[in-house]
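Have a look at the structure below, then the notes.
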Amino acid sequence: MSADRNTTTNTKASCPVDHNAPAATAPHSRPECPVDHTQRQQAPSFAQSLFGTSNQPEAPKCPVDHADGEKSAPINPLNMMPQLTQDMHADQTTPLSTEREFSTIPRSNAEAVWEYPSPQQFYNALARKNMAAPEEYVDVMVDIHNFLNEGAWNEVLKWEARHKECLMPRLTRLQGRPNDLSPMARFSSWIHGVRPFDRHDWYVDRCGKQVRYVIDYYEGVPEGDTPVFNLVVRPAIDDFSSLTDRAKQLWDDAKEKYLS
């Protein structure tokens, strides 16, 4: 966990597999990148190569389109995505897995958890947006997509731990807003010149009360061959309770930094 937490919780996340270990990493070890970096030396950045962008100035963003309105396919109101097919795409040459992994994120109004898209669905989401999708990278892209979302949910739970009245918060729905800078991200871009490559708004059910969280996704400075991502997770200031949570977190961070 890292960095400037001014009213936010930041998570520093690297890719989920350790290149140097023949076996899976221990649960609390820092995961590293599953991509063979020697095969992509031409790529300008990890996010550009894995999230389907080129050398154009547009920032990389999540290839699974959580924003509505641009296509005619029916939109799922829970994640603001079209229903993604498991069929092979016309331009696809290699079959991809259609198996979906279960997350650890509980769904609202259901005794179940959210499911992540399969590699085939992920590929189809990329193709739908006319984004480059190297088939050999799709499994890795899905791993990273899932890994970052698990990290985001863990940060949400840290905020929710302030509210002892609800022991089981649940994710009701989410929406991707890659083209909408949050006020914090906009201010940070003025100071540091860096913009997030994606933004999600997550709507959490706190035992009957809806709380909106804003998550900004940044590509961090690589550590050697290991790409790094930073997540800035915080409750949106939609009500006095969220404002109080942000103020308390700011105070806690100041105490930790200056008084510990």
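In the structure tokens, each chain is lettered A, B, ... as it comes, each chain's residues begin at 1, and ligands are numbered from 1 in order of appearance.
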
- request: Give me the residues within 8 Å of stretch 182-196 of chain A as a ChimeraX atom specification, counting only C-alpha atoms and dropping any in the same chain fewer than 6 places off.
  value: /A:59,214,216-219

- request: Assign secondary structure with DSSP using the backbone only, and return the residues of stretch 107-241 of chain A in strand (DSSP E) as a PyMOL selection string.
  value: chain A and resi 113-115+170-176+198-206+209-219+228-235

field: From A:Glu101, A:Asp139, A:Glu155, A:Glu223, residue lying nearest A:Pro119 [only C-alpha atoms]
entry: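 Nearest candidate to A:Pro119 out of A:Glu101, A:Asp139, A:Glu155, A:Glu223: A:Asp139.
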
Give me, as a PDB file with N, CA and C atoms, in the first residue's frame, all polymer residues having an atom no more than 12 Å from stretch 160-169 of chain A, counting only C-alpha atoms and skipping those fewer than 3 positions away in the same chain.
```
ATOM      1  N   THR A   9      -7.683   6.252  -0.299  1.00  0.00           N
ATOM      2  CA  THR A   9      -6.898   5.057  -0.025  1.00  0.00           C
ATOM      3  C   THR A   9      -6.261   4.638  -1.329  1.00  0.00           C
ATOM      4  N   ILE A 105     -16.323 -10.622  -4.505  1.00  0.00           N
ATOM      5  CA  ILE A 105     -17.161  -9.442  -4.287  1.00  0.00           C
ATOM      6  C   ILE A 105     -18.624  -9.852  -4.228  1.00  0.00           C
ATOM      7  N   PRO A 106     -19.273  -9.719  -3.072  1.00  0.00           N
ATOM      8  CA  PRO A 106     -20.684 -10.134  -2.967  1.00  0.00           C
ATOM      9  C   PRO A 106     -21.606  -9.202  -3.743  1.00  0.00           C
ATOM     10  N   ARG A 107     -22.599  -9.799  -4.368  1.00  0.00           N
ATOM     11  CA  ARG A 107     -23.592  -9.029  -5.106  1.00  0.00           C
ATOM     12  C   ARG A 107     -24.743  -8.636  -4.191  1.00  0.00           C
ATOM     13  N   SER A 108     -25.328  -7.508  -4.492  1.00  0.00           N
ATOM     14  CA  SER A 108     -26.493  -7.067  -3.743  1.00  0.00           C
ATOM     15  C   SER A 108     -27.715  -7.855  -4.194  1.00  0.00           C
ATOM     16  N   ASN A 109     -28.618  -8.089  -3.258  1.00  0.00           N
ATOM     17  CA  ASN A 109     -29.874  -8.787  -3.543  1.00  0.00           C
ATOM     18  C   ASN A 109     -29.671 -10.189  -4.077  1.00  0.00           C
ATOM     19  N   GLU A 111     -27.530 -14.157  -3.001  1.00  0.00           N
ATOM     20  CA  GLU A 111     -26.550 -14.928  -2.234  1.00  0.00           C
ATOM     21  C   GLU A 111     -25.500 -15.445  -3.197  1.00  0.00           C
ATOM     22  N   VAL A 113     -21.710 -14.070  -5.674  1.00  0.00           N
ATOM     23  CA  VAL A 113     -20.655 -13.093  -5.906  1.00  0.00           C
ATOM     24  C   VAL A 113     -20.630 -12.747  -7.390  1.00  0.00           C
ATOM     25  N   TRP A 153     -11.830  -3.718  -4.432  1.00  0.00           N
ATOM     26  CA  TRP A 153     -12.831  -4.117  -3.440  1.00  0.00           C
ATOM     27  C   TRP A 153     -12.214  -4.181  -2.042  1.00  0.00           C
ATOM     28  N   ASN A 154     -10.985  -4.646  -1.933  1.00  0.00           N
ATOM     29  CA  ASN A 154     -10.325  -4.676  -0.626  1.00  0.00           C
ATOM     30  C   ASN A 154     -10.194  -3.276  -0.041  1.00  0.00           C
ATOM     31  N   GLU A 155      -9.938  -2.284  -0.895  1.00  0.00           N
ATOM     32  CA  GLU A 155      -9.847  -0.909  -0.416  1.00  0.00           C
ATOM     33  C   GLU A 155     -11.220  -0.378  -0.004  1.00  0.00           C
ATOM     34  N   VAL A 156     -12.244  -0.753  -0.746  1.00  0.00           N
ATOM     35  CA  VAL A 156     -13.610  -0.370  -0.356  1.00  0.00           C
ATOM     36  C   VAL A 156     -13.930  -0.915   1.037  1.00  0.00           C
ATOM     37  N   LEU A 157     -13.540  -2.182   1.277  1.00  0.00           N
ATOM     38  CA  LEU A 157     -13.828  -2.792   2.577  1.00  0.00           C
ATOM     39  C   LEU A 157     -13.119  -2.064   3.716  1.00  0.00           C
ATOM     40  N   THR A 172     -23.574  -3.285  -5.585  1.00  0.00           N
ATOM     41  CA  THR A 172     -24.848  -3.294  -6.295  1.00  0.00           C
ATOM     42  C   THR A 172     -24.646  -3.201  -7.798  1.00  0.00           C
ATOM     43  N   TYR A 203     -21.181   1.325  -6.838  1.00  0.00           N
ATOM     44  CA  TYR A 203     -22.300   1.620  -5.942  1.00  0.00           C
ATOM     45  C   TYR A 203     -22.440   0.462  -4.960  1.00  0.00           C
ATOM     46  N   VAL A 204     -22.196   0.763  -3.701  1.00  0.00           N
ATOM     47  CA  VAL A 204     -22.118  -0.252  -2.649  1.00  0.00           C
ATOM     48  C   VAL A 204     -23.370  -0.175  -1.781  1.00  0.00           C
ATOM     49  N   ASP A 205     -23.916  -1.338  -1.498  1.00  0.00           N
ATOM     50  CA  ASP A 205     -25.070  -1.454  -0.608  1.00  0.00           C
ATOM     51  C   ASP A 205     -24.564  -1.659   0.819  1.00  0.00           C
ATOM     52  N   ARG A 206     -24.673  -0.608   1.634  1.00  0.00           N
ATOM     53  CA  ARG A 206     -24.266  -0.682   3.041  1.00  0.00           C
ATOM     54  C   ARG A 206     -25.504  -1.017   3.875  1.00  0.00           C
ATOM     55  N   CYS A 207     -25.929  -2.273   3.747  1.00  0.00           N
ATOM     56  CA  CYS A 207     -27.092  -2.761   4.495  1.00  0.00           C
ATOM     57  C   CYS A 207     -28.296  -1.838   4.332  1.00  0.00           C
ATOM     58  N   GLY A 208     -28.597  -1.517   3.080  1.00  0.00           N
ATOM     59  CA  GLY A 208     -29.768  -0.707   2.783  1.00  0.00           C
ATOM     60  C   GLY A 208     -29.464   0.712   2.365  1.00  0.00           C
ATOM     61  N   LYS A 209     -28.263   1.199   2.617  1.00  0.00           N
ATOM     62  CA  LYS A 209     -27.877   2.537   2.192  1.00  0.00           C
ATOM     63  C   LYS A 209     -26.919   2.436   1.017  1.00  0.00           C
ATOM     64  N   GLN A 210     -27.189   3.167  -0.061  1.00  0.00           N
ATOM     65  CA  GLN A 210     -26.299   3.158  -1.217  1.00  0.00           C
ATOM     66  C   GLN A 210     -25.188   4.173  -1.036  1.00  0.00           C
ATOM     67  N   VAL A 211     -23.948   3.717  -1.244  1.00  0.00           N
ATOM     68  CA  VAL A 211     -22.768   4.572  -1.133  1.00  0.00           C
ATOM     69  C   VAL A 211     -21.978   4.454  -2.430  1.00  0.00           C
ATOM     70  N   ARG A 212     -21.665   5.583  -3.030  1.00  0.00           N
ATOM     71  CA  ARG A 212     -20.894   5.579  -4.283  1.00  0.00           C
ATOM     72  C   ARG A 212     -19.411   5.747  -3.983  1.00  0.00           C
ATOM     73  N   TYR A 213     -18.601   4.891  -4.591  1.00  0.00           N
ATOM     74  CA  TYR A 213     -17.151   4.982  -4.494  1.00  0.00           C
ATOM     75  C   TYR A 213     -16.575   5.347  -5.859  1.00  0.00           C
ATOM     76  N   VAL A 233      -8.842   4.935  -4.279  1.00  0.00           N
ATOM     77  CA  VAL A 233     -10.212   4.512  -3.939  1.00  0.00           C
ATOM     78  C   VAL A 233     -10.730   5.368  -2.798  1.00  0.00           C
ATOM     79  N   ARG A 234     -11.914   5.940  -2.954  1.00  0.00           N
ATOM     80  CA  ARG A 234     -12.491   6.744  -1.866  1.00  0.00           C
ATOM     81  C   ARG A 234     -13.994   6.882  -2.082  1.00  0.00           C
ATOM     82  N   PRO A 235     -14.736   7.097  -1.008  1.00  0.00           N
ATOM     83  CA  PRO A 235     -16.169   7.364  -1.161  1.00  0.00           C
ATOM     84  C   PRO A 235     -16.387   8.744  -1.775  1.00  0.00           C
ATOM     85  N   SER A 241     -22.057  11.846   5.614  1.00  0.00           N
ATOM     86  CA  SER A 241     -21.357  10.679   6.141  1.00  0.00           C
ATOM     87  C   SER A 241     -20.069  10.406   5.372  1.00  0.00           C
ATOM     88  N   SER A 242     -20.132  10.508   4.046  1.00  0.00           N
ATOM     89  CA  SER A 242     -18.929  10.270   3.238  1.00  0.00           C
ATOM     90  C   SER A 242     -17.906  11.375   3.444  1.00  0.00           C
ATOM     91  N   THR A 244     -17.517  13.004   6.211  1.00  0.00           N
ATOM     92  CA  THR A 244     -16.926  12.710   7.521  1.00  0.00           C
ATOM     93  C   THR A 244     -15.885  11.599   7.417  1.00  0.00           C
ATOM     94  N   ASP A 245     -16.192  10.564   6.639  1.00  0.00           N
ATOM     95  CA  ASP A 245     -15.229   9.475   6.461  1.00  0.00           C
ATOM     96  C   ASP A 245     -13.935   9.991   5.841  1.00  0.00           C
ATOM     97  N   ARG A 246     -14.055  10.835   4.843  1.00  0.00           N
ATOM     98  CA  ARG A 246     -12.865  11.378   4.184  1.00  0.00           C
ATOM     99  C   ARG A 246     -12.059  12.238   5.162  1.00  0.00           C
ATOM    100  N   LYS A 248     -12.003  11.993   8.477  1.00  0.00           N
ATOM    101  CA  LYS A 248     -11.385  11.112   9.468  1.00  0.00           C
ATOM    102  C   LYS A 248     -10.159  10.412   8.897  1.00  0.00           C
ATOM    103  N   GLN A 249     -10.245   9.993   7.626  1.00  0.00           N
ATOM    104  CA  GLN A 249      -9.100   9.335   7.004  1.00  0.00           C
ATOM    105  C   GLN A 249      -7.930  10.295   6.856  1.00  0.00           C
TER     106      GLN A 249
END
```

query: Using only C-alpha atoms, which of A:Asp180, A:Arg100, A:Glu135, A:Asp201 sits nearest A:Ala236?
result: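 Answer, going by the shortest atom-to-atom distance: A:Asp201.
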
- request: Write out as a ChimeraX atom specification each polymer residue whose atoms come within 9 Å of A:Val138, counting only C-alpha atoms; drop sequence neighbours fewer than 6 positions from it.
  value: /A:50,96,119-120,122-123

With C-alpha atoms retained, could you export that selection as an mmCIF file, in the first residue's frame?
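Below is the file that was written, result_0.cif:
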```cif
data_model
loop_
_atom_site.group_PDB
_atom_site.id
_atom_site.type_symbol
_atom_site.label_atom_id
_atom_site.label_comp_id
_atom_site.auth_asym_id
_atom_site.auth_seq_id
_atom_site.Cartn_x
_atom_site.Cartn_y
_atom_site.Cartn_z
ATOM 1 C CA LEU A 50 -2.172 -5.003 -22.575
ATOM 2 C CA LEU A 96 -9.907 -18.840 -25.998
ATOM 3 C CA PRO A 119 -11.019 -14.633 -21.881
ATOM 4 C CA GLN A 120 -13.336 -15.091 -24.862
ATOM 5 C CA PHE A 122 -12.837 -10.140 -22.855
ATOM 6 C CA TYR A 123 -11.524 -10.557 -26.395
#
```

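Distances to A:His145 were evaluated for A:Arg177, A:Thr98, A:Pro117, A:Leu243 using only C-alpha atoms, and the minimum falls at A:Pro117.
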
message: Using only C-alpha atoms, which protein or nucleic acid residues come within 8 Å of A:Leu84? Drop anything in the same chain fewer than 6 positions from it, and give the result as number ranges by chain.
response: A: 121, 124-125
